[in-house]
Each structure stands twice: as structure tokens, then as C-alpha cells.
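J.: What follows is a single structure, and I will ask about it in a moment.
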Amino acid sequence: MTLTAFLAPTLLSGLSDVSVSPGPGQNGYPLTWDNTLGKWVASNVIAGVSIRTGAGSNSQAIGSAANSTGSSWIAQGRDAGFSNTTGINWIAQGFEAGYNNTTGSNWFAQGPLAGFYNSTGSNWIAQGPFAGFSNTTGSNWIAQGFEAGFFEERGSTWHVGVDRSKSLVVGKFDTDCVYLGHPGPITNAATCPDPTAAAHLAASNTARASLRIDPGVAPTATNDGDIWFDGTDFKVRVAGVTKTIQVI
């Protein structure tokens with residue numbers, strides 16, 4: 001049989017190495033060792049990292065000064081979510097991630113300085129160091145990758161990239177258009193790619209073509225508009241008939 005001993009709060013007064021007067025501000029804090037005092041004390045600093053509840057319900061700041069009255073948020077990292085005052089349902093993770101957002105809700109900033117300048121936007125994701133860095137008020141956007149969408153200021157966009165001067169993929173949610181393979185350079189908001197077709201391909205250059213279709217065989221089930229290359233000719237399905245596009 002195993003016996004487990006429990007200490008009631010009144011019994012802690014008999015332990016010389018435990019501080020027994022932590023004060024009401026430390027209700028619920030765990031005991032951590034204070035080498036200077038030579039005692040176990042109630043503290044929210046664990047291994048040098050401050051962990052505390054935020055001003056809003058169901059909120060938590062881990063190593064951050066964030067103190068929003070909004071509910072259901074997590075700020076993790078030095079000054080992550082620092083400026084938020086009333087926003088709800090957000091996560092800021094990384095050095096100064098989501099630093100300037102004051103009232104936005106439903107956003108996620110992950111990585112050093114991710115979503116740094118966004119001030120009031122909601123419903124956005126910035127994932128990667130400096131991702132979505134310059135977006136100030138846009139909502140409903142996604143930036144994924146190192147410096148992805150660095151200069152983008154619009155809402156309803158999606159950027160995938162690993163360099164502020166390029167965007168491998170740019171999407172516009174409001175027009176259902178996707179831009180693929182932008183070679184750059186992107187130097188400011190005005191030069192961000194703006195897709196104008198459902199699938200918009202970047203111009204060809206000396207390094208690569210705009211589009212390549214590898215040789216293959218005809219699909220067993222075709223639809224009007226299908227295009228493939230059989231190694232000799234291009235094939236296209238039109239009005240239920242497979243047409244051959246011959247190169248002359």
C-alpha cells in the first residue's frame with residue numbers, strides 16, 4: 001500500500017525554508033526556490049520566465065508585457081502583443097510579434113516581428129520572421145514564410161515567400177485569383193503582384209518559361225478545357241472532342 005502525504009496551508013508555517021506570507025496578489029502561484037532568501041516562495045517566474053494571467057478572461061502572458069482586457073489570448077515572447085487593449089482570440093508568439101495591434105481580434109502572429117505594424121486588422125495570420133511586417137490595417141490576410149508579404153498593405157491577400165523582394169504565391173481572396181512565380185523585385189506596396197485571372201502566371205524570362213507541361217498520356221476521363229502534351233503534340237478537349245494543336 002502506498003501512502004501519500006499532503007500539506008495543508010496551515011502546516012506550511014512549520015517549515016523554516018518556506019515563505020508563508022506571499023500576499024493576495026500571488027494566489028495560485030507555485031513554489032519556486034529563491035536562492036537569495038534561501039526559501040521556497042510563491043512566484044510566477046519559472047526558470048527566469050514570467051507567466052501570468054492577462055487582464056482579460058482566459059488570457060495568458062508568458063515572458064511578455066501584454067495586458068489586454070480582451071479575452072482568450074496568449075502572448076508569448078518579449079513584447080509580443082504588446083499594444084493590444086481590447087482584442088479577443090489572438091495569439092502573438094515571438095519577439096514583438098503582433099506588437100502594434102491594438103483592437104484587432106482573431107489573429108495569429110508567429111515569429112520575430114511577424115505582423116509587427118498591423119494596428120487594427122482582424123482575421124489574419126502572419127507566420128515567419130517579419131511575415132506581414134508592413135501591413136497596417138488590413139484584415140483577412142495570410143503571410144507565410146520569412147519576410148512573406150513584407151510590403152503588402154491590402155487585406156484579403158495570401159503571400160507565400162522567403163524573401164521580401166519576391167512572392168512565390170500571391171492570392172486575392174476577394175477576386176479568387178492566384179499569381180504564381182513572381183520574380184520580383186518587390187520594393188514597396190505599389191509593386192506587390194496583383195493577380196487578375198484565376199491563375200495568373202508571371203512573365204517568362206531568360207531563367208525560366210511561364211508554363212511547362214511535361215509529356216504524358218491522355219487522361220481516361222476528360223473534361224472540356226483539359227490540356228496535355230503527349231510528347232509530340234498538345235491536346236485540348238473542346239466540346240467533347242479532343243483536338244490536336246500541332247506545331248508547324
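Letters A, B, ... go to the chains of the C-alpha cells in the order shown; residues in each chain start at 1; ligands are counted from 1 in the same order.
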Taking 3 positions as the minimum chain separation for residues in the same chain, which residues sit within 8 Å of Val238 (chain A) when counting only C-alpha atoms? Answer as JSON, numbers by chain.
T.: {"A": [224, 225, 241, 242, 243]}
J.: Would you export the selected residues with C-alpha atoms as a PDB file, in the first residue's frame, please?
T.:
ATOM      1  CA  ASP A 224     -13.771  20.352 -71.691  1.00  0.00           C
ATOM      2  CA  GLY A 225     -10.814  22.671 -71.260  1.00  0.00           C
ATOM      3  CA  VAL A 241     -13.822  16.320 -78.712  1.00  0.00           C
ATOM      4  CA  THR A 242     -10.067  16.037 -78.264  1.00  0.00           C
ATOM      5  CA  LYS A 243      -8.313  18.454 -80.587  1.00  0.00           C
TER       6      LYS A 243
END
J.: So which residues touch region 143-156 of chain A within 7 Å, counting only C-alpha atoms, skipping near sequence neighbours fewer than 2 positions away, as a PyMOL selection string?
T.: chain A and resi 125-136+138-141+158-164+167+172-174+188-189+192
J.: Measuring between only C-alpha atoms, which one of A:Ala47, A:Cys177, A:Ala114, A:Ile62 shows the shortest distance to Gly98 (chain A)?
T.: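 Looking only at the distances to Gly98 (chain A), the closest residue turns out to be A:Ala114.
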J.: Just the number, please: distance in Å from CA of Asp34 (chain A) to CA of Val49 (chain A), one decimal.
T.: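 We find that CA of Asp34 (chain A) and CA of Val49 (chain A) lie 14.1 Å from each other.
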J.: Separation of CA of Ala190 (chain A) and CA of Glu96 (chain A), in Å?
T.: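 Answer for the CA of Ala190 (chain A) to CA of Glu96 (chain A) separation: 26.0 Å.
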J.: What lies within 6 Å of Ala42 (chain A) using only C-alpha atoms, ignoring chain neighbours under 5 positions off, as a PyMOL selection string?
T.: chain A and resi 29-31
J.: So, with only C-alpha atoms as the atoms that count, which of A:Val170, A:Ile51, A:Val18, A:Ala109 lies closest to Asn35 (chain A)?
T.: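 The answer is A:Val18, which sits nearest to Asn35 (chain A).
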J.: So that I can check the surroundings of Arg237 (chain A), please list as a list in words every protein, DNA and RNA residue that reaches within 12 Å of it, counting only C-alpha atoms and ignoring chain neighbours fewer than 5 positions away.
T.: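 Counting only the stated atoms, we get Ala218, Pro219, Ala221, Thr222, Asn223, Asp224, Gly225, Asp226, Ile227, Trp228, Phe229, Thr242, Lys243, Thr244 and Ile245 of chain A.
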J.: Using Å and a single decimal, report how far CA of Arg212 (chain A) sits from CA of Ala198 (chain A).
T.: 17.8 Å
J.: Between A:Gly181, A:Gly48, A:Thr220, A:Asn58, which residue has the minimum interatomic distance to Arg208 (chain A), considering only C-alpha atoms?
T.: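 That would be A:Gly181, the residue with the smallest distance to Arg208 (chain A).
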J.: Give me, as an NGL selection string, all polymer residues having an atom no more than 9 Å from Trp107 (chain A), counting only C-alpha atoms and skipping those fewer than 6 positions away in the same chain.
T.: :A and (88-92 or 98 or 121-126)
